[in-house]
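For reference, the structure discussed in these notes is given below.
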Amino acid sequence: GEDVEQSLFLSVREGDSSVINCTYTDSSSTYLYWYKQEPGAGLQLLTYIFSNMDMKQDQRLTVLLNKKDKHLSLRIADTQTGDSAIYFCAETLGGKLIFGQGTELSVKP
Amino acid sequence: DVKVTQSSRYLVKRTGEKVFLECVQDMDHENMFWYRQDPGLGLRLIYFSYDVKMKEKGDIPEGYSVSREKKERFSLILESASTNQTSMYLCASSSGDETQYFGPGTRLLVL
């Protein structure tokens with residue numbers, strides 16, 4: 001099928017690392033994306049990884065891609081209360097994006 | 001910076017009304033998209049357009065139509081609004097590299 005799967009909720013303490021996981025379906029996806037949605041707002045592009053890469057690091061964000069298992073993860077180091085949001089992974093399919101259901105990250109002080 | 005704007009942040013309409021949601025992007029992107037977002041369902045693609053006057057159905061086009069008369073503007077039309085169309089509507093645009101940039105969303109309530 002075309003389902004991109006994510007767990008719905010994650011709760012962490014401020015200062016800890018957060019890891020948000022995603023499994024996707026299409027091994028031919030060119031790019032895989034992470035978007036962030038703050039309450040009441042649209043989606044903000046957080047980062048993306050090209051399919052021929054295993055890892056991408058951008059400041060506190062680390063994206064890991066396991067193509068064999070079609071598994072994508074987003075690690076946020078030193079998580080802050082401002083990181084509380086819904087995080088969506090997405091894969092490309094025929095010029096369109098297929099989104100997961102979103103993971104709601106709650107950061108407790 | 002890519003800027004995608006949507007005409008309204010919040011909208012309240014009555015059942016049976018015709019509703020227009022407007023989206024404008026300022027980056028000369030060829031591709032534009034309309035999604036709706038509902039709790040637990042993520043984003044679902046309603047319609048998209050790869051060029052002026054072109055439109056393609058997404059996964060849930062029923063009850064909606066679109067218009068793209070100019071490259072920068074993509075309109076979503078609810079011909080006769082129903083309560084099950086109460087949702088958050090998100091517009092996005094992209095160029096050739098498939099990365100989509102989103103507007104702030106329009107939260108529509110149909111009474």
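For the structure tokens, the naming scheme is as follows: chains receive sequential letters (A, B, ...) according to their order of presentation, residues are indexed from 1 within each chain, and ligands are indexed from 1 in presentation order.
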Would you tabulate, counting only C-alpha atoms, all residues of chain B that have an atom at most 7 Å from an atom of chain A, showing the closest pair of atoms and their distance in Å to one decimal, sorted by chain then ascending number, as a tab-separated table?
residue	atom	partner	partner_atom	distance
B:Gly40	CA	A:Gln101	CA	6.0
B:Leu41	CA	A:Gln101	CA	5.5
B:Gly42	CA	A:Gln101	CA	3.9
B:Leu43	CA	A:Phe99	CA	6.2
B:Leu90	CA	A:Gly42	CA	6.8
B:Glu98	CA	A:Gly95	CA	6.1
B:Tyr101	CA	A:Leu45	CA	6.9
B:Phe102	CA	A:Leu43	CA	5.7
B:Gly103	CA	A:Gly42	CA	5.7
B:Pro104	CA	A:Gly42	CA	4.0
B:Gly105	CA	A:Gly42	CA	5.2
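For A:Arg60, the set of protein, DNA and RNA residues having any atom at most 12 Å away, when counting only C-alpha atoms and skipping those fewer than 6 positions along the same chain, is Gly15, Asp16, Ser17, Ser18, Val19, Leu46, Thr47, Leu74, Arg75, Ile76, Ala77, Asp78, Thr79, Gln80 and Asp83 of chain A.
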Based on the selection just made, write C-alpha atoms of those residues as a PDB file, in the first residue's frame.
ATOM      1  CA  GLY A  15      17.091  18.598  27.521  1.00  0.00           C
ATOM      2  CA  ASP A  16      16.644  14.958  26.496  1.00  0.00           C
ATOM      3  CA  SER A  17      16.949  13.704  22.933  1.00  0.00           C
ATOM      4  CA  SER A  18      13.806  12.946  20.942  1.00  0.00           C
ATOM      5  CA  VAL A  19      13.656  10.291  18.254  1.00  0.00           C
ATOM      6  CA  LEU A  46      12.352  21.119   8.712  1.00  0.00           C
ATOM      7  CA  THR A  47      14.813  19.042   6.749  1.00  0.00           C
ATOM      8  CA  LEU A  74      14.501  12.278  13.097  1.00  0.00           C
ATOM      9  CA  ARG A  75      16.579  12.869  16.183  1.00  0.00           C
ATOM     10  CA  ILE A  76      16.337  16.192  18.000  1.00  0.00           C
ATOM     11  CA  ALA A  77      19.177  16.767  20.434  1.00  0.00           C
ATOM     12  CA  ASP A  78      18.684  18.842  23.603  1.00  0.00           C
ATOM     13  CA  THR A  79      14.943  19.056  23.048  1.00  0.00           C
ATOM     14  CA  GLN A  80      13.385  22.372  24.073  1.00  0.00           C
ATOM     15  CA  ASP A  83      10.143  21.894  19.811  1.00  0.00           C
TER      16      ASP A  83
END
Q: Just list the residues in chain B DSSP gives strand (DSSP E) on the backbone, as a ChimeraX atom specification.
A: /B:4-6,10-13,19-25,31-38,42-49,56-57,64-70,73-78,87-94,100-102,106-110
Q.
Just to confirm, what's the straight-line distance from atom CA of B:Ser80 to atom CA of B:Thr15 in Å (one decimal)?
A.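 Pair atom CA of B:Ser80 / atom CA of B:Thr15 returns 7.0 Å.
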**Q.** Contacts of B:Leu108 at 7 Å (only C-alpha atoms; same-chain gap of 6+ positions) as a list of chain:residue names
**A.**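 Residues meeting the cut-off are B:Tyr10, B:Leu11, B:Val12, B:Thr86, B:Ser87, B:Met88.
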Q: Excluding A:Lys68 and any residue of its chain fewer than 4 positions from it, enumerate the residues within 12 Å of it, using only C-alpha atoms, and give them as a count of residues only.
A: 10
**Q.** Distance of atom CA of B:Ser75 from atom CA of B:Arg9, expressed in Å to one decimal place
**A.** 14.8 Å
(Q) Between atom CA of A:Pro39 and atom CA of A:Gly82, what distance in Å does the model show, to one decimal? (A)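 Here the two named atoms are 11.2 Å from each other.
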Q: Using only C-alpha atoms, pick whichever of B:Leu45, B:Ser65, B:Lys55, B:Glu17 has the shortest atom-to-atom distance to B:Leu111.
A: B:Glu17
Exercise: B:Tyr50 partners within 10 Å, only C-alpha atoms, chain neighbours under 4 positions left out, as a PDB file with N, CA and C atoms, in the first residue's frame:
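Once written, selection.pdb looks like this:
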ATOM      1  N   GLY A  95       5.845  12.742  -8.102  1.00  0.00           N
ATOM      2  CA  GLY A  95       5.724  14.197  -8.015  1.00  0.00           C
ATOM      3  C   GLY A  95       4.851  14.677  -6.881  1.00  0.00           C
TER       4      GLY A  95
ATOM      5  N   HIS B  29       6.424  29.067  -8.835  1.00  0.00           N
ATOM      6  CA  HIS B  29       6.396  27.607  -8.836  1.00  0.00           C
ATOM      7  C   HIS B  29       5.371  27.084  -9.827  1.00  0.00           C
ATOM      8  N   GLU B  30       5.741  25.999 -10.500  1.00  0.00           N
ATOM      9  CA  GLU B  30       4.808  25.398 -11.453  1.00  0.00           C
ATOM     10  C   GLU B  30       3.691  24.633 -10.747  1.00  0.00           C
ATOM     11  N   ASN B  31       4.033  23.974  -9.645  1.00  0.00           N
ATOM     12  CA  ASN B  31       3.124  23.010  -9.027  1.00  0.00           C
ATOM     13  C   ASN B  31       2.445  23.599  -7.806  1.00  0.00           C
ATOM     14  N   MET B  32       1.148  23.350  -7.703  1.00  0.00           N
ATOM     15  CA  MET B  32       0.417  23.785  -6.515  1.00  0.00           C
ATOM     16  C   MET B  32      -0.531  22.682  -6.076  1.00  0.00           C
ATOM     17  N   PHE B  33      -0.792  22.644  -4.765  1.00  0.00           N
ATOM     18  CA  PHE B  33      -1.508  21.522  -4.168  1.00  0.00           C
ATOM     19  C   PHE B  33      -2.516  22.034  -3.145  1.00  0.00           C
ATOM     20  N   MET B  54      -4.229  23.665 -15.685  1.00  0.00           N
ATOM     21  CA  MET B  54      -4.184  22.214 -15.526  1.00  0.00           C
ATOM     22  C   MET B  54      -4.623  21.844 -14.130  1.00  0.00           C
ATOM     23  N   LYS B  55      -5.316  20.718 -14.007  1.00  0.00           N
ATOM     24  CA  LYS B  55      -5.683  20.226 -12.695  1.00  0.00           C
ATOM     25  C   LYS B  55      -5.731  18.708 -12.725  1.00  0.00           C
ATOM     26  N   GLU B  56      -5.383  18.131 -11.580  1.00  0.00           N
ATOM     27  CA  GLU B  56      -5.409  16.681 -11.459  1.00  0.00           C
ATOM     28  C   GLU B  56      -6.092  16.336 -10.144  1.00  0.00           C
ATOM     29  N   ARG B  68      -7.139  27.228 -11.732  1.00  0.00           N
ATOM     30  CA  ARG B  68      -5.797  27.817 -11.820  1.00  0.00           C
ATOM     31  C   ARG B  68      -5.724  28.625 -13.110  1.00  0.00           C
ATOM     32  N   LYS B  71      -0.553  31.515 -12.848  1.00  0.00           N
ATOM     33  CA  LYS B  71       0.452  30.605 -12.297  1.00  0.00           C
ATOM     34  C   LYS B  71       0.552  30.727 -10.783  1.00  0.00           C
ATOM     35  N   SER B  93       3.078  24.734  -2.597  1.00  0.00           N
ATOM     36  CA  SER B  93       3.596  24.881  -3.956  1.00  0.00           C
ATOM     37  C   SER B  93       4.988  24.278  -4.025  1.00  0.00           C
ATOM     38  N   SER B  94       5.393  23.913  -5.230  1.00  0.00           N
ATOM     39  CA  SER B  94       6.733  23.349  -5.415  1.00  0.00           C
ATOM     40  C   SER B  94       7.206  23.623  -6.828  1.00  0.00           C
ATOM     41  N   SER B  95       8.527  23.517  -6.968  1.00  0.00           N
ATOM     42  CA  SER B  95       9.120  23.594  -8.285  1.00  0.00           C
ATOM     43  C   SER B  95       9.606  22.199  -8.665  1.00  0.00           C
TER      44      SER B  95
END
Q. Which residue out of B:Tyr47, B:Tyr89, B:Gln6, B:Asp28 has the minimum interatomic distance to B:Leu109 when only C-alpha atoms are used?
A. B:Tyr89
**Q.** Nearest residue to B:Phe48 from the set B:Cys91, B:Leu21, B:Met27, B:Ala81 (distances using only C-alpha atoms)
**A.**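 Checking each candidate against B:Phe48, we get B:Cys91 as the closest.
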Q.
Considering only C-alpha atoms, can you say which of B:Val19, B:Leu76, B:Val24, B:Val52 comes closest to B:Arg36?
A.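 When distances to B:Arg36 are compared using only C-alpha atoms, the smallest one comes from B:Leu76.
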